[in-house]
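Asker: The structure that follows is given in the form of structure tokens.
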Amino acid sequence: MDAVWEWFRVLHATTGIKLTIFYDAFDRARFFNGFLTSLRLMALCLLCSVVIGIIGAWLQGARSRFVRATTQAYIQFVRNTPPLVQLYFFYFALGAYLRHTNAAGLEVPIVSNFVWAVICLSLYAGAFNVEIFRAGIEAVPRETLEAAEALGYSRLKAYLHVVLPLALRISLPALNNNLVNLVKTTTIAYAIAVPEMLYVANQIWSDELNVAEMMNVLLVVYVSLVGILVYAMGRWERSMRIPGYTPT
Amino acid sequence: MLQRLITTGVGLLTGILVAAAPAAGQTLDKIKQRGVLVVGSKADYKPFGFRDPAGNIVGFEPDLARDVAERLSARLELEPAVSSNRMQFLQQGKIDLMIATMNVTPERRQTVGIVDPSYYASGVNVLAIRKAAFKKWEELKEQKICAIQGAWYNKTVAEKYGAEIVAFKGQTEAEAALLQGNCVGWLYDDTAFIERLGDPKWASFEMPLETILVEPWGIAVKIEERDGAWGQFISKTITDWHRSGKLIELEAKWKIPPSAFLKKMHDETK
């Protein structure tokens with residue numbers, strides 16, 4: 001393995017292409033950690049935002065006017081404000097009040113910057129997911145739901161077993177889009193010093209002055225990650241296809 | 001190609017500037033003739049150079065400028081300068097001397113006549129929560145330390161002392177994060193903390209560690225005059241300040257924590 005790392009050192013010496021993330025042990029470790037942090041951030045946000053979308057879409061159809069209004073307020077508030085502003089709001093404004101005294105007698109925040117990033121980005125993408133799922137739900141024929149009710153399904157059971165499986169299939173292309181966006185939006189977490197890839201790359205290029213190289217590394221890594229996501233979503237979409245079912 | 005263009009451009013520009021500059025070695029005569037010494041100093045960097053409530057520029061550096069003027073029996077005029085224009089002021093002849101919190105770098109040595117020895121030196125330190133009770137840099141290991149993104153010493157401190165650097169975009173964010181307890185300390189220029197330590201808002205913070213990565217500050221004259229009579233006069237004056245303890249005295253007057261650099265220079269020139 002060392003021979004591979006050394007090859008990049010030679011590359012720098014001969015061509016001036018400075019990829020310290022391969023031959024400098026410190027930079028390599030921090031870039032790898034940044035990569036893992038990004039992956040964790042992406043995975044958690046994807047999962048939470050889809051769950052929020054499913055629950056939100058169900059609450060949108062609730063009987064209580066209050067629940068419907070609250071859901072609508074959440075969507076409008078989150079969808080109409082920039083995610084960076086939300087992140088700053090959560091971390092600096094809300095975070096200032098959520099503190100406790102730790103064992104060493106120091107006042108520390110209860111919620112870490114990583115968790116704030118997960119909360120904020122999940123809520124942000126979740127608001128869009130609610131609307132995406134609502135579109136899917138509304139495309140499920142009214143008669144299908146009536147048939148389910150006639151068979152004695154409760155509202156929740158009908159939603160889980162009849163409406164959602166159909167709605168999910170209809171929503172997938174739009175959901176795909178939003179999740180790709182979410183993966184890319186995780187980079188804004190660098191503003192509150194979450195050590196994800198953009199943050200780490202920024203640190204590395206200020207130390208090593210290899211901005212062009214690190215920009216290219218970032219591009220390649222993000223294109224690959226998004227590519228993998230799109231491929232997986234495409235596979236899922238195909239595997240979920242019901243032969244002969246075309247929603248009208 | 002681009003690099004060649006830039007080099008040619010810079011070369012041309014330097015040529016013009018040099019041609020426009022008056023003959024070397026004139027500044028000392030000019031000051032004596034006019035009876036006025038014009039010094040460029042900071043007016044926004046407390047306590048090194050700032051405005052008092054009456055609007056006068058006062059501080060550590062204006063006091064040094066006053067001393068130079070007294071030595072020449074000239075009247076002192078202070079010209080407020082900022083980092084982005086201080087070197088140009090000198091090149092244009094707008095000021096005779098520059099004492100403006102300038103770090104000495106090899107690039108700057110090629111642009112202006114930085115006179116040796118240095119008159120001060122600043123380094124890197126940590127503004128830490130008192131309760132953390134740090135004594136040594138090594139104790140920062142695995143501790144969250146706020147910093148500014150892009151500062152050249154972040155990596156050094158992380159690598160050498162194992163501190164967990166949490167870097168923010170600007171001073172304001174780093175400050176907010178520190179006050180909220182997101183980190184136990186803030187890594188930055190030690191001189192930037194001096195004013196904060198006098199502020200009640202920062203009462204629960206201290207600067208307990210020894211300043212590291214010390215970089216000298218230089219007084220500059222026009223580059224052509226560095227080795228001439230004017231440059232030599234300034235160099236002698238600075239050495240004299242070190243020997244007589246004037247710099248240490250002024251440091252105390254402006255409540256700047258004692259710097260190891262000044263003590264070392266004082267001991268060496270004694």
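Each chain in the structure tokens gets a letter, A, B and so on, in the order shown; residues start at 1 in every chain, and ligands are counted from 1 in the order they appear.
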Return the neighbours of chain B among the residues of chain A, cut-off 7 Å, counting only C-alpha atoms, as a short mmCIF file (atom, residue, chain, number, x, y, z; two decimals) with C-alpha atoms, in the first residue's frame.
Answerer:
```cif
data_model
loop_
_atom_site.label_atom_id
_atom_site.label_comp_id
_atom_site.auth_asym_id
_atom_site.auth_seq_id
_atom_site.Cartn_x
_atom_site.Cartn_y
_atom_site.Cartn_z
CA ALA A 96 -27.44 28.68 22.78
CA LEU A 106 -18.29 23.14 31.90
CA GLU A 107 -21.44 24.28 30.18
CA VAL A 108 -21.66 22.36 26.94
CA PRO A 109 -24.30 22.08 24.22
CA ALA A 191 -20.57 26.21 7.87
CA ILE A 192 -21.06 24.91 11.41
CA ALA A 193 -17.72 23.09 11.34
CA GLN A 203 -8.63 22.88 5.57
CA SER A 206 -5.48 26.28 3.01
CA ASP A 207 -2.56 24.34 4.45
#
```
Asker: Could you list, as a list of chain:residue names, every residue within 10 Å of Val214 in chain B, counting only C-alpha atoms and ignoring same-chain residues fewer than 3 positions away?
Answerer: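 Result of the neighbour search: B:Asn103, B:Tyr120, B:Ala121, B:Ser122, B:Gly123, B:Val124, B:Asn125, B:Asp189, B:Asp190, B:Thr211, B:Trp217, B:Ser259, B:Ala260, B:Phe261.
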Asker: For N, CA and C atoms, I'd like the residues from the last selection saved as a PDB file, in the first residue's frame.
Answerer:
```
ATOM      1  N   ASN B 103       3.690  41.734   9.965  1.00  0.00           N
ATOM      2  CA  ASN B 103       4.510  40.523  10.086  1.00  0.00           C
ATOM      3  C   ASN B 103       5.571  40.536   8.998  1.00  0.00           C
ATOM      4  N   TYR B 120       8.814  43.782  17.553  1.00  0.00           N
ATOM      5  CA  TYR B 120       7.821  43.038  18.312  1.00  0.00           C
ATOM      6  C   TYR B 120       7.627  41.707  17.600  1.00  0.00           C
ATOM      7  N   ALA B 121       6.947  40.788  18.251  1.00  0.00           N
ATOM      8  CA  ALA B 121       6.641  39.530  17.594  1.00  0.00           C
ATOM      9  C   ALA B 121       5.339  39.008  18.158  1.00  0.00           C
ATOM     10  N   SER B 122       4.487  38.506  17.285  1.00  0.00           N
ATOM     11  CA  SER B 122       3.241  37.923  17.770  1.00  0.00           C
ATOM     12  C   SER B 122       3.216  36.469  17.367  1.00  0.00           C
ATOM     13  N   GLY B 123       2.440  35.719  18.084  1.00  0.00           N
ATOM     14  CA  GLY B 123       2.365  34.299  17.770  1.00  0.00           C
ATOM     15  C   GLY B 123       0.950  33.808  17.929  1.00  0.00           C
ATOM     16  N   VAL B 124       0.843  32.531  18.171  1.00  0.00           N
ATOM     17  CA  VAL B 124      -0.457  31.891  18.225  1.00  0.00           C
ATOM     18  C   VAL B 124      -0.725  31.475  19.661  1.00  0.00           C
ATOM     19  N   ASN B 125      -1.948  31.697  20.091  1.00  0.00           N
ATOM     20  CA  ASN B 125      -2.287  31.298  21.450  1.00  0.00           C
ATOM     21  C   ASN B 125      -3.738  30.834  21.504  1.00  0.00           C
ATOM     22  N   ASP B 189      -4.456  34.561  16.688  1.00  0.00           N
ATOM     23  CA  ASP B 189      -3.307  35.414  16.985  1.00  0.00           C
ATOM     24  C   ASP B 189      -3.388  35.889  18.432  1.00  0.00           C
ATOM     25  N   ASP B 190      -2.287  35.781  19.151  1.00  0.00           N
ATOM     26  CA  ASP B 190      -2.342  36.176  20.562  1.00  0.00           C
ATOM     27  C   ASP B 190      -2.686  37.660  20.728  1.00  0.00           C
ATOM     28  N   THR B 211       2.783  31.542  24.208  1.00  0.00           N
ATOM     29  CA  THR B 211       2.589  31.799  22.784  1.00  0.00           C
ATOM     30  C   THR B 211       3.576  30.985  21.948  1.00  0.00           C
ATOM     31  N   TRP B 217       7.519  41.230  13.899  1.00  0.00           N
ATOM     32  CA  TRP B 217       6.889  42.393  13.278  1.00  0.00           C
ATOM     33  C   TRP B 217       7.992  43.348  12.868  1.00  0.00           C
ATOM     34  N   SER B 259       5.798  39.769  26.295  1.00  0.00           N
ATOM     35  CA  SER B 259       6.138  38.793  25.255  1.00  0.00           C
ATOM     36  C   SER B 259       7.554  38.296  25.474  1.00  0.00           C
ATOM     37  N   ALA B 260       7.710  36.994  25.234  1.00  0.00           N
ATOM     38  CA  ALA B 260       9.016  36.372  25.426  1.00  0.00           C
ATOM     39  C   ALA B 260      10.036  36.985  24.477  1.00  0.00           C
ATOM     40  N   PHE B 261       9.563  37.407  23.312  1.00  0.00           N
ATOM     41  CA  PHE B 261      10.455  37.968  22.302  1.00  0.00           C
ATOM     42  C   PHE B 261      11.143  39.231  22.815  1.00  0.00           C
TER      43      PHE B 261
END
```
Asker: Could you please write out, as a short mmCIF file (atom, residue, chain, number, x, y, z; two decimals) with C-alpha atoms, in the first residue's frame, every residue of range 8-254 of chain B that DSSP assigns to strand (DSSP E or B)?
Answerer:
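Output file part-v4.cif is given in full below:
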```cif
data_model
loop_
_atom_site.label_atom_id
_atom_site.label_comp_id
_atom_site.auth_asym_id
_atom_site.auth_seq_id
_atom_site.Cartn_x
_atom_site.Cartn_y
_atom_site.Cartn_z
CA VAL B 36 7.87 66.92 10.09
CA LEU B 37 7.96 63.11 10.32
CA VAL B 38 5.04 61.27 8.76
CA VAL B 39 4.46 57.76 10.15
CA GLY B 40 1.89 55.29 8.91
CA SER B 41 0.31 53.41 11.81
CA ASP B 44 -8.00 50.06 14.37
CA TYR B 45 -5.82 47.58 16.21
CA GLY B 49 -2.76 51.72 17.32
CA PHE B 50 -6.29 53.02 17.89
CA ARG B 51 -8.25 56.22 18.34
CA ILE B 57 -4.40 57.99 17.25
CA VAL B 58 -2.75 56.51 20.33
CA ARG B 75 6.94 67.21 14.65
CA LEU B 76 5.04 63.90 14.34
CA GLU B 77 2.21 63.36 11.93
CA LEU B 78 0.38 60.02 12.10
CA GLU B 79 -1.25 58.68 8.97
CA PRO B 80 -3.80 55.90 9.60
CA LEU B 97 8.10 55.30 8.02
CA MET B 98 5.71 52.44 8.59
CA ILE B 99 5.00 51.02 12.03
CA ASN B 103 4.51 40.52 10.09
CA GLY B 113 12.62 48.01 3.19
CA ILE B 114 12.01 46.06 6.40
CA VAL B 115 14.56 47.21 8.95
CA ASP B 116 16.19 44.74 11.33
CA PRO B 117 15.88 44.00 14.20
CA SER B 118 12.16 43.41 14.62
CA TYR B 119 10.45 45.54 17.24
CA TYR B 120 7.82 43.04 18.31
CA ALA B 121 6.64 39.53 17.59
CA SER B 122 3.24 37.92 17.77
CA GLY B 123 2.36 34.30 17.77
CA VAL B 124 -0.46 31.89 18.22
CA ASN B 125 -2.29 31.30 21.45
CA VAL B 126 -5.51 29.90 22.85
CA LEU B 127 -8.22 31.86 24.60
CA ALA B 128 -9.46 29.13 26.91
CA ILE B 129 -12.25 28.68 29.41
CA LYS B 144 -12.41 20.82 20.89
CA ILE B 145 -10.69 24.07 19.93
CA CYS B 146 -12.46 26.71 17.82
CA ALA B 147 -10.44 28.27 15.02
CA ILE B 148 -10.77 30.23 11.80
CA GLU B 164 -9.57 18.73 17.64
CA ILE B 165 -9.85 21.86 15.51
CA VAL B 166 -13.40 23.11 14.91
CA ALA B 167 -12.89 25.81 12.29
CA PHE B 168 -15.46 28.44 11.39
CA GLY B 185 -10.77 27.34 23.62
CA TRP B 186 -10.12 29.48 20.56
CA LEU B 187 -6.92 29.28 18.56
CA TYR B 188 -5.91 32.62 17.02
CA ASP B 189 -3.31 35.41 16.98
CA PHE B 205 -11.67 33.10 29.85
CA GLU B 206 -7.90 33.25 30.08
CA ILE B 212 3.92 29.57 20.02
CA LEU B 213 4.81 29.96 16.31
CA VAL B 214 6.11 33.45 16.94
CA GLU B 215 6.49 35.67 13.88
CA PRO B 216 8.37 38.96 14.07
CA TRP B 217 6.89 42.39 13.28
CA GLY B 218 8.92 44.81 11.21
CA ILE B 219 9.23 48.58 10.85
CA ALA B 220 9.72 49.54 7.22
CA VAL B 221 11.17 52.32 5.14
#
```
Asker: Choose the residue, out of A:Leu87, A:Val180, A:Leu209, A:Ala139, that has the smallest atom-to-atom separation from Asn113 in chain A; count only C-alpha atoms.
Answerer: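 Under the stated criterion, the closest residue is A:Leu87.
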Asker: Which residues are near Glu237 in chain A? Cut-off 9 Å, only C-alpha atoms, ignore same chain within fewer than 4 positions. Put them as a PyMOL selection string.
Answerer: chain A and resi 169+172-173+232-233+241
Asker: Find the spatial neighbours of His266 in chain B, counting only C-alpha atoms, within a cut-off of 8 Å - ignore same-chain residues fewer than 3 positions away - and output them as a PyMOL selection string.
Answerer: chain B and resi 242-245+262-263+269-270
Asker: From the set A:Pro165, A:Gly152, A:Gly227, A:Pro195, which residue has the shortest atom-to-atom contact distance to Met240 in chain A, counting only C-alpha atoms?
Answerer: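 When distances to Met240 in chain A are compared using only C-alpha atoms, the smallest one comes from A:Pro165.
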Asker: May I have the residues within 8 Å of Leu218 in chain A as a VMD selection string, using only C-alpha atoms and disregarding those fewer than 6 positions away in the same chain?
Answerer: chain A and resid 197 to 198 201
Asker: Give me, as a list in words, all polymer residues having an atom no more than 8 Å from Val82 in chain B, counting only C-alpha atoms and skipping those fewer than 2 positions away in the same chain.
Answerer: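 Answer for this query is Ser41, Lys42, Ala43, Pro80, Ser84, Asn85, Arg86 and Ala100 of chain B.
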Asker: Filtering to C-alpha atoms, could you give me those residues as a compact mmCIF listing (two decimals), in the first residue's frame?
Answerer:
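Written out: selection.txt:
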```txt
# COMPACT_ATOMS: atom_id res chain seq x y z
CA SER B 41 0.31 53.41 11.81
CA LYS B 42 -2.77 51.37 12.57
CA ALA B 43 -5.83 53.14 13.91
CA PRO B 80 -3.80 55.90 9.60
CA SER B 84 -3.96 46.52 2.39
CA ASN B 85 -2.51 49.99 1.82
CA ARG B 86 0.39 50.35 4.26
CA ALA B 100 1.77 49.13 11.41
```
Asker: Would you return as a ChimeraX atom specification the members of range 2-189 of chain B that DSSP assigns to helix (DSSP H, G or I) on this structure's backbone?
Answerer: /B:2-20,27-34,60-71,86-92,106-111,130-132,137-140,154-161,171-179
Asker: Between B:Asp63, B:Glu142, B:Glu210, B:Glu107, single out the one closest to Pro258 in chain B, counting only C-alpha atoms.
Answerer: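 For Pro258 in chain B, the nearest of the candidates is B:Glu210.
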